[in-house]
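Working notes, structure below.
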Amino acid sequence: MWTTIKRIIRSGFYSFWRNGFVSLSSVLVMVVTLFVIGSTIFSGAILKSTLVEIEKKVDINIYLVRTASEDDIASFKKDLEQLPEVAPPVTYTSRDQALTDFRARHQNDQITLQALDELGSNPFGASLNVNAKNPSQYEGIVSYLGLKGADCRSFESKYPIIDKVNYCQNKNAIDSLTKIITSANRLGFALTIILIIISILITFNTLRLVIYMSRDEISVMRLVGASTGYIRGPFFVAGAVYGFISAIITLILFYPVTLWLGKTTEDFFVGLNVFSYYASNFGQIFLIIVLSGVAIGSISSFLAVRKYLKV
Amino acid sequence: MIYFDKVSKVYPDNSIALEEVSFSIEPKEFVSIVGHSGAGKTTLIKMFLGEETPSDGKIFFESLDIHKLGKKEINNFRRKVGVVFQDFRLLPNKNIYENIAFAMEAAGRTDEDIEADVPHVLDLVDLGKKIWNFPGELSGGEKQRVAIARAIVNQPDVIIADEPTGNLDPLNTYDIVQILKKINDLGTTVILTTHNKGVIDSLAKRVLTMENGKIIRDDKLGKYVI
């Protein structure tokens, strides 16, 4: 048994080495396949981190009446944080903070600042900043607050301390963003699947051609009484070797590619540098690429030999 | 030892390759099968090797009905039969040593056996010096001698030579026939198909003559008569 396995592995390596040109072309085709798979990993990561960044930027502000007491605000904030749709923490901006922020924002606008000074007292109410776990959940949060109607005109809240909610101003933007995010996700997923299927088929066909050239060899092996496993084994091993070498080449290729794209992606998409993503997730990407390479290579060979084994 | 019992082969388009062929071959016999191309020689051999199944009739090797063997048993059976083809059918990506070793590996022989027997059998066919060459570097006669070495290395009960001299010049043909004769003298049954008159006449052994899928003559000390 052990002798057989040893012989199969040795013969697989020999046939890889001696069919140099054929092996080279199979490896190149597989590199393309694995590159597609790797790129989908990267684009998936880019898309995901962009969406997360954008989603983080969507929020609603709840402005409170100026007479609201600290206790009321604290209990309201606690209620909000317990809603399942709300991603804690809910950020509280006090009246003084709002005033300071306003002054900072208008520090070059003397007229506004003068008008503010004329008032003598702080005109701002405190506010709470709420983030939902998912952009589609803002609707639920707002209806909990007692906002009704598409234009947010009617407003009957069980919390009398609410002055107004800026949801309606943001609603349109939030709606279209939600749509874009969902369809981008769906489209990306479909594209990935199609690309992966196409590249696997191409690899499969290339290996089938390689094995087609060996069909006479297979029939000779049959006629000297070699068992199915003994004929198939070396092709299986050679396929796995193709996969492994292609995977290593692909991983090496990704180094300069991600290095080059790193800065661009960081600027263009919000905050993800593909190179640092590659570096920090190298173990995982290595496993995915090598395993898919070996699996595609060996399974394709295994299936392709079947056709010529019927003698 | 080998017994064909009313074997027929009809292809789906109703062309008849073999029609009720019956004959038997004793151990240690040297039998030549002659006939024009298309007479059914190769079909006969393919059936014996289990590459094709007969439409009717049975083929026995000793007590085994060849077409009732399972996958594993057919592999075991094929290891008892050495085959030599007109087009040599060596494995182009393996050197001579590996070509012969492959047949032994397939038969499950140990590494020690392989290391001892391969040079020995190559000496028998006078190719000891080309052991590390690849088939592409050999002449036709040399390739055929490698094929014979591969066929005999597992000490088979039967050697089948399907037009082994078809691609060779007269000198190489003579060599190959002499080697086959030597193998037969050492006690192995040999079945040879050919349409080379000179080969048959020089052998002076049993000859089966085929025509249109039938055996029309069976001569003990045959001559080539068509």
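So you can find residues: chains in the structure tokens are A, B, ... in the order shown, residues in each start at 1, and ligands are numbered from 1 in order.
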
With only C-alpha atoms as the counted atoms, please give the residues lying no more than 8 Å from Val290 of chain A, apart from itself and same-chain residues fewer than 5 positions off, as number ranges by chain. A: 243-244, 247-248

Okay, now the selection with C-alpha atoms, as a PDB file, in the first residue's frame?
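Writing done, so here's again_30.pdb:
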```pdb
ATOM      1  CA  GLY A 243      -2.607  23.808  -8.371  1.00  0.00           C
ATOM      2  CA  PHE A 244      -0.010  24.275  -5.676  1.00  0.00           C
ATOM      3  CA  ALA A 247      -1.213  29.180  -6.012  1.00  0.00           C
ATOM      4  CA  ILE A 248       2.299  30.149  -4.971  1.00  0.00           C
TER       5      ILE A 248
END
```

Which chain B residues are at most 6 Å from chain A (counting only C-alpha atoms), as a list in words? Glu51, Asn75, Arg78, Arg79, Leu91, Ala103 and Ala106 of chain B

Among the residues A:Leu116, A:Ile60, A:Leu261, A:Leu24, the one that comes closest to Val274 of chain A [using only C-alpha atoms]: A:Leu261

Just the strand (DSSP E) stuff from segment 5-153 of chain B, please, per backbone DSSP, written as an MDAnalysis selection string. chainID B and resid 5:10 16:25 30:34 56:61 64:65 81:85
